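Peer 1: My structure is in entry22.txt, and what it holds is compact mmCIF, C-alpha atoms (C1' of nucleotides):
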```txt
# COMPACT_ATOMS: atom_id res chain seq x y z
CA MET A 955 -88.04 192.93 72.58
CA VAL A 956 -88.00 189.22 71.96
CA HIS A 957 -89.16 186.80 74.61
CA GLU A 958 -86.37 185.60 76.84
CA ALA A 959 -87.14 181.91 76.42
CA ILE A 960 -86.87 182.28 72.65
CA LEU A 961 -83.45 183.90 72.96
CA ASP A 962 -82.42 181.18 75.40
CA GLN A 963 -83.27 178.51 72.86
CA THR A 964 -81.74 180.34 69.93
CA PHE A 965 -78.41 181.14 71.55
CA SER A 966 -78.25 177.72 73.14
CA ALA A 967 -78.84 176.05 69.79
CA LEU A 968 -76.08 178.16 68.25
CA SER A 969 -73.62 177.35 71.03
CA ASP A 970 -72.66 173.98 69.54
CA ALA A 971 -70.17 173.70 66.69
CA THR A 972 -71.91 170.63 65.24
CA ARG A 973 -75.19 172.49 65.01
CA ARG A 974 -73.57 175.56 63.49
CA SER A 975 -71.97 173.35 60.84
CA VAL A 976 -75.39 171.88 60.13
CA LEU A 977 -76.71 175.37 59.48
CA THR A 978 -73.72 175.97 57.23
CA ARG A 979 -74.46 172.84 55.28
CA LEU A 980 -78.13 173.77 54.97
CA GLY A 981 -77.05 177.04 53.43
CA ASP A 982 -76.36 174.94 50.31
CA GLY A 983 -79.86 173.49 50.37
CA PRO A 984 -81.98 170.89 52.22
CA ALA A 985 -80.45 167.66 53.48
CA THR A 986 -81.57 164.46 55.16
CA ILE A 987 -80.64 163.38 58.66
CA GLY A 988 -78.23 160.87 57.17
CA GLU A 989 -76.55 163.42 54.93
CA LEU A 990 -76.03 165.62 57.97
CA ALA A 991 -74.83 162.80 60.22
CA GLU A 992 -72.19 161.46 57.86
CA PRO A 993 -69.81 164.46 57.64
CA ALA A 994 -70.20 164.97 61.37
CA GLY A 995 -69.03 161.40 62.01
CA MET A 996 -72.05 160.82 64.16
CA THR A 997 -74.86 158.29 64.45
CA LEU A 998 -78.26 159.04 62.95
CA THR A 999 -79.71 159.14 66.45
CA GLY A 1000 -77.17 161.70 67.56
CA MET A 1001 -77.78 163.96 64.58
CA LYS A 1002 -81.52 163.57 64.99
CA LYS A 1003 -81.19 165.11 68.45
CA HIS A 1004 -79.23 168.06 67.11
CA VAL A 1005 -81.80 168.64 64.41
CA LEU A 1006 -84.53 168.55 67.03
CA VAL A 1007 -82.73 171.23 69.04
CA LEU A 1008 -82.43 173.40 65.94
CA GLU A 1009 -86.06 172.78 65.10
CA ASN A 1010 -87.25 173.72 68.59
CA ALA A 1011 -85.23 176.90 68.26
CA GLY A 1012 -86.98 177.62 64.96
CA LEU A 1013 -83.66 177.69 63.14
CA VAL A 1014 -84.63 174.73 60.99
CA VAL A 1015 -87.76 173.19 59.54
CA THR A 1016 -88.18 169.49 58.83
CA GLU A 1017 -90.58 167.41 56.80
CA LYS A 1018 -90.80 163.67 56.44
CA VAL A 1019 -90.58 162.66 52.81
CA GLY A 1020 -90.51 158.99 51.96
CA ARG A 1021 -88.42 157.13 54.47
CA SER A 1022 -86.09 160.06 55.08
CA ARG A 1023 -86.58 163.48 56.60
CA GLN A 1024 -85.83 166.70 54.79
CA VAL A 1025 -84.18 169.38 56.89
CA ARG A 1026 -83.95 172.96 55.68
CA LEU A 1027 -83.22 176.38 57.14
CA GLY A 1028 -86.02 177.90 59.17
CA THR A 1029 -87.32 181.40 59.44
CA GLU A 1030 -86.47 184.55 61.31
CA ARG A 1031 -84.74 183.23 64.41
CA LEU A 1032 -81.32 184.40 63.33
CA ASP A 1033 -82.94 187.81 63.06
CA ASP A 1034 -83.98 187.67 66.70
CA ALA A 1035 -80.50 186.79 67.85
CA MET A 1036 -78.85 189.43 65.74
CA THR A 1037 -81.30 192.09 66.83
CA TRP A 1038 -80.44 191.40 70.44
CA ILE A 1039 -76.73 191.38 69.84
CA SER A 1040 -76.65 194.56 67.80
CA PHE A 1041 -78.74 196.34 70.40
CA TYR A 1042 -76.29 195.56 73.17
CA GLN A 1043 -73.39 196.17 70.93
CA ARG A 1044 -74.60 199.73 70.55
CA LEU A 1045 -74.79 199.97 74.33
CA TRP A 1046 -71.28 198.68 74.58
CA GLU A 1047 -69.91 201.08 71.97
CA ARG A 1048 -71.58 204.01 73.64
CA ARG A 1049 -69.87 202.90 76.82
CA LEU A 1050 -66.46 202.85 75.18
CA ASP A 1051 -67.00 206.40 74.00
CA GLY A 1052 -67.86 207.57 77.51
CA LEU A 1053 -65.82 208.85 80.38
CA ASP A 1054 -65.58 205.51 82.13
CA ALA A 1055 -64.07 203.95 79.03
CA PHE A 1056 -61.33 206.51 79.01
CA PHE A 1057 -60.89 205.95 82.69
CA THR A 1058 -60.74 202.16 82.67
CA LEU A 1059 -58.97 201.58 79.38
CA GLN A 1060 -55.59 202.70 80.72
CA LYS A 1061 -55.37 205.63 78.28
CA GLY A 1062 -54.38 203.49 75.30
CA ARG A 1063 -56.61 204.34 72.39
CA GLU A 1064 -57.74 207.97 72.59
CA ASN A 1065 -59.01 208.57 69.06
CA GLU A 1066 -60.63 205.99 66.80
CA MET B 1012 -63.48 183.02 60.60
CA VAL B 1013 -63.59 182.90 64.35
CA HIS B 1014 -62.44 179.84 66.28
CA GLU B 1015 -65.24 177.43 67.03
CA ALA B 1016 -64.47 177.16 70.74
CA ILE B 1017 -64.76 180.94 71.05
CA LEU B 1018 -68.17 180.92 69.40
CA ASP B 1019 -69.20 178.03 71.64
CA GLN B 1020 -68.35 180.07 74.72
CA THR B 1021 -69.88 183.27 73.45
CA PHE B 1022 -73.23 181.83 72.37
CA SER B 1023 -73.38 179.62 75.43
CA ALA B 1024 -72.79 182.63 77.69
CA LEU B 1025 -75.55 184.52 75.89
CA SER B 1026 -78.01 181.63 76.18
CA ASP B 1027 -78.97 182.49 79.76
CA ALA B 1028 -81.47 185.26 80.56
CA THR B 1029 -79.72 186.13 83.83
CA ARG B 1030 -76.44 186.68 82.05
CA ARG B 1031 -78.06 188.74 79.30
CA SER B 1032 -79.66 190.94 81.95
CA VAL B 1033 -76.25 191.38 83.54
CA LEU B 1034 -74.93 192.65 80.22
CA THR B 1035 -77.93 194.97 80.03
CA ARG B 1036 -77.18 196.32 83.47
CA LEU B 1037 -73.52 196.78 82.61
CA GLY B 1038 -74.60 198.92 79.68
CA ASP B 1039 -75.28 201.59 82.30
CA GLY B 1040 -71.78 201.26 83.72
CA PRO B 1041 -69.67 198.99 85.94
CA ALA B 1042 -71.18 197.16 88.90
CA THR B 1043 -70.07 194.93 91.74
CA ILE B 1044 -71.00 191.28 92.18
CA GLY B 1045 -73.40 192.29 94.91
CA GLU B 1046 -75.08 194.94 92.80
CA LEU B 1047 -75.60 192.37 90.08
CA ALA B 1048 -76.81 189.65 92.44
CA GLU B 1049 -79.45 191.73 94.21
CA PRO B 1050 -81.82 192.49 91.29
CA ALA B 1051 -81.44 188.91 90.10
CA GLY B 1052 -82.62 187.64 93.49
CA MET B 1053 -79.60 185.41 93.66
CA THR B 1054 -76.79 184.65 96.10
CA LEU B 1055 -73.41 186.28 95.65
CA THR B 1056 -71.95 182.87 94.93
CA GLY B 1057 -74.47 182.24 92.19
CA MET B 1058 -73.85 185.56 90.52
CA LYS B 1059 -70.12 185.09 90.82
CA LYS B 1060 -70.46 181.97 88.68
CA HIS B 1061 -72.41 183.82 86.02
CA VAL B 1062 -69.85 186.58 85.95
CA LEU B 1063 -67.12 183.98 85.57
CA VAL B 1064 -68.90 182.50 82.57
CA LEU B 1065 -69.21 185.93 80.99
CA GLU B 1066 -65.59 186.64 81.76
CA ASN B 1067 -64.39 183.40 80.21
CA ALA B 1068 -66.40 184.29 77.12
CA GLY B 1069 -64.66 187.67 77.01
CA LEU B 1070 -67.97 189.48 77.27
CA VAL B 1071 -67.02 191.04 80.56
CA VAL B 1072 -63.88 192.20 82.34
CA THR B 1073 -63.44 192.24 86.11
CA GLU B 1074 -61.05 193.85 88.50
CA LYS B 1075 -60.78 193.55 92.22
CA VAL B 1076 -60.99 196.93 93.89
CA GLY B 1077 -60.97 197.05 97.64
CA ARG B 1078 -63.08 194.27 99.02
CA SER B 1079 -65.47 194.24 96.06
CA ARG B 1080 -65.02 193.36 92.43
CA GLN B 1081 -65.79 195.71 89.57
CA VAL B 1082 -67.45 194.11 86.57
CA ARG B 1083 -67.70 195.93 83.27
CA LEU B 1084 -68.44 195.13 79.65
CA GLY B 1085 -65.63 193.42 77.81
CA THR B 1086 -64.32 193.80 74.32
CA GLU B 1087 -65.16 192.52 70.88
CA ARG B 1088 -66.87 189.23 71.61
CA LEU B 1089 -70.29 190.48 70.62
CA ASP B 1090 -68.66 191.37 67.34
CA ASP B 1091 -67.62 187.76 66.81
CA ALA B 1092 -71.09 186.46 67.46
CA MET B 1093 -72.74 189.02 65.23
CA THR B 1094 -70.29 188.43 62.43
CA TRP B 1095 -71.15 184.76 62.45
CA ILE B 1096 -74.87 185.35 62.56
CA SER B 1097 -74.94 187.94 59.82
CA PHE B 1098 -72.86 185.70 57.59
CA TYR B 1099 -75.32 182.84 57.88
CA GLN B 1100 -78.23 185.15 57.70
CA ARG B 1101 -77.06 186.13 54.26
CA LEU B 1102 -76.90 182.46 53.33
CA TRP B 1103 -80.38 181.98 54.65
CA GLU B 1104 -81.81 184.94 52.78
CA ARG B 1105 -80.24 183.79 49.57
CA ARG B 1106 -81.90 180.45 50.15
CA LEU B 1107 -85.33 181.92 50.67
CA ASP B 1108 -85.00 183.78 47.42
CA GLY B 1109 -84.17 180.58 45.58
CA LEU B 1110 -86.30 178.03 43.82
CA ASP B 1111 -86.28 175.49 46.62
CA ALA B 1112 -87.80 177.98 49.02
CA PHE B 1113 -90.68 178.64 46.69
CA PHE B 1114 -91.07 174.95 46.13
CA THR B 1115 -91.09 173.78 49.73
CA LEU B 1116 -92.98 176.73 51.18
CA GLN B 1117 -95.78 176.66 48.64
CA LYS B 1118 -96.80 173.02 48.93
CA GLY B 1119 -98.49 172.63 52.31
CA ARG B 1120 -96.95 170.17 54.69
CA GLU B 1121 -99.13 167.05 54.48
CA ASN B 1122 -97.67 164.70 57.06
CA GLU B 1123 -95.25 165.00 59.95
C1' DC C 412 -59.00 195.90 118.02
C1' DG C 413 -63.24 193.69 116.90
C1' DC C 414 -67.23 193.52 114.03
C1' DT C 415 -69.40 193.70 109.60
C1' DT C 416 -69.46 193.41 104.70
C1' DC C 417 -68.21 191.65 100.10
C1' DA C 418 -66.32 188.11 97.85
C1' DT C 419 -64.60 183.41 97.31
C1' DG C 420 -64.11 178.38 97.35
C1' DA C 421 -65.60 173.77 98.35
C1' DA C 422 -69.11 170.61 98.55
C1' DC C 423 -73.40 169.24 97.20
C1' DC C 424 -77.75 168.62 94.44
C1' DA C 425 -81.01 168.27 90.52
C1' DT C 426 -81.48 168.64 85.89
C1' DA C 427 -79.82 169.26 81.10
C1' DT C 428 -76.69 167.98 77.36
C1' DG C 429 -74.32 165.25 73.97
C1' DG C 430 -73.42 161.18 72.84
C1' DT C 431 -73.94 155.99 72.47
C1' DT C 432 -76.36 151.14 71.59
C1' DC C 433 -80.26 148.34 70.65
C1' DA C 434 -84.86 147.30 69.18
C1' DC C 435 -88.45 148.66 66.18
C1' DT C 436 -91.18 150.87 62.20
C1' DT C 437 -91.69 152.45 57.81
C1' DT C 438 -90.40 152.67 53.08
C1' DA C 439 -88.03 151.30 48.87
C1' DC C 440 -87.04 147.87 45.67
C1' DG C 441 -85.53 143.45 43.17
C1' DC D 540 -92.48 138.48 49.28
C1' DG D 541 -88.17 139.44 51.63
C1' DT D 542 -84.52 142.24 52.75
C1' DA D 543 -81.99 146.47 53.24
C1' DA D 544 -82.01 151.46 54.30
C1' DA D 545 -83.53 155.68 56.95
C1' DG D 546 -85.29 157.16 60.82
C1' DT D 547 -87.16 156.93 65.55
C1' DG D 548 -87.53 156.01 70.50
C1' DA D 549 -86.01 154.19 74.84
C1' DA D 550 -82.51 153.39 77.87
C1' DC D 551 -78.19 154.44 79.41
C1' DC D 552 -73.82 157.03 80.50
C1' DA D 553 -70.57 160.83 81.56
C1' DT D 554 -70.11 165.45 82.06
C1' DA D 555 -71.78 170.26 82.31
C1' DT D 556 -74.91 173.72 84.27
C1' DG D 557 -77.30 176.57 87.55
C1' DG D 558 -78.21 176.91 91.73
C1' DT D 559 -77.71 176.30 96.94
C1' DT D 560 -75.31 176.30 101.85
C1' DC D 561 -71.48 176.75 104.79
C1' DA D 562 -66.82 178.13 106.05
C1' DT D 563 -63.08 181.22 105.18
C1' DG D 564 -60.59 185.50 103.79
C1' DA D 565 -59.75 190.24 103.16
C1' DA D 566 -61.17 195.24 103.63
C1' DG D 567 -63.32 198.86 105.76
C1' DC D 568 -64.87 201.16 109.85
C1' DG D 569 -66.24 202.72 114.66
```
Output the file's structure in the form of structure tokens.
Peer 2:
Amino acid sequence: MVHEAILDQTFSALSDATRRSVLTRLGDGPATIGELAEPAGMTLTGMKKHVLVLENAGLVVTEKVGRSRQVRLGTERLDDAMTWISFYQRLWERRLDGLDAFFTLQKGRENE
Amino acid sequence: MVHEAILDQTFSALSDATRRSVLTRLGDGPATIGELAEPAGMTLTGMKKHVLVLENAGLVVTEKVGRSRQVRLGTERLDDAMTWISFYQRLWERRLDGLDAFFTLQKGRENE
DNA sequence: CGCTTCATGAACCATATGGTTCACTTTACG
DNA sequence: CGTAAAGTGAACCATATGGTTCATGAAGCG
């Protein structure tokens, strides 16, 4: 199981809409801090902080090239998050199939 | 696609190890605030706050029974989070298969 | 009834977060 | 060279977060 601090950082990084949109943007390829800041209507300094959060979470990798900084998608952290979620989702589904589910879910959906 | 504010709440709720362990515990069935607080070495008040965060995120459902409060796993929010992650994971994988990935990963990072 | 237990709410505290502005460095380029 | 552009760092600000203590309320029980 993944280290708790790693999950903390990953989920925390993902909990901001600006940062998620950065990841979306990076899905189309690398971008500079400026190119990320502009559509977000944010200062370079502000976006730099977001990128740092993503980088610390391992969701993004950066490299200084010339006077700008290239930002691109990182490795494997989304895997960690999804592994955790799918594990507990199985727990949750098992629960819904159990007796307690029937008991607490005021007899709505019997078969599914 | 899911509303941004919902994802904010869900990921934010998941970004705390205490809250994740609460979800783990609830995988074994409902529990009271006190039963959740004790293993966490935390006051009732503190745990109550965590439960409220999970409840606002829809990850948990509570119901007052007698003088205690039953907490159990909620519905469908883990689905939202996983849907988002798996979508962007596909983006990310596509990227790693592309030319840019080969290009940027092969040349060692000189400066930083 | 009177006491204990579980939960709750208010107040408080320290630290983290998300943003800004301003000053500065490094790089590009005419 | 001189100037503009991209980024960086420090300082600052408002609000959120994660926790506490203390006082109160409601439920159960002998």
Peer 1: Output as a PDB file with C-alpha atoms, in the frame of the given file the set of chain B residues within 7 Å of chain D, with distances taken over all atoms listed in the file.
Peer 2:
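Output file part_22.pdb follows:
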```pdb
ATOM      1  CA  GLY B1057     -74.470 182.240  92.190  1.00  0.00           C
ATOM      2  CA  GLY B1077     -60.970 197.050  97.640  1.00  0.00           C
ATOM      3  CA  ARG B1078     -63.080 194.270  99.020  1.00  0.00           C
TER       4      ARG B1078
END
```
Peer 1: Select residues of chain C: the criterion is any atom within 9 Å of an atom of chain B, counting all atoms listed in the file; output as a list in words.
Peer 2: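 Those within range of chain B come out as DT416, DC417, DA418 and DT419 of chain C.
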Peer 1: With a distance threshold of 6 Å and counting only C-alpha atoms, extract the residues of chain A near chain B and express them as a VMD selection string.
Peer 2: chain A and resid 962 965 to 966 969 to 970 981 1018 1045
Peer 1: To one decimal place in Å, what is the distance between CA of His1004 in chain A and CA of Val1025 in chain A?
Peer 2: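 Separating CA of His1004 in chain A from CA of Val1025 in chain A is a distance of 11.4 Å.
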Peer 1: Can you work out the spacing between C1' of DC440 in chain C and CA of Pro993 in chain A in Å, to one decimal?
Peer 2: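 Interatomic distance, C1' of DC440 in chain C to CA of Pro993 in chain A: 26.7 Å.
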Peer 1: Tell me, in Å to one decimal, how far C1' of DA425 in chain C is from CA of Glu1046 in chain B.
Peer 2: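 Taking C1' of DA425 in chain C and CA of Glu1046 in chain B, their separation equals 27.4 Å.
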Peer 1: May I have the centre and edge lengths, in Å to one decimal, of an axis-aligned box around the listed atoms of range 421-439 of chain C with 4 Å added to every side, as JSON?
Peer 2:
```
{"center_x": -78.6, "center_y": 160.5, "center_z": 73.7, "size_x": 34.1, "size_y": 34.5, "size_z": 57.7}
```
Peer 1: With distances taken over all atoms listed in the file, which residue among C:DT432, C:DA427, C:DC414, C:DG420 lies nearest Thr997 in chain A?
Peer 2: C:DT432
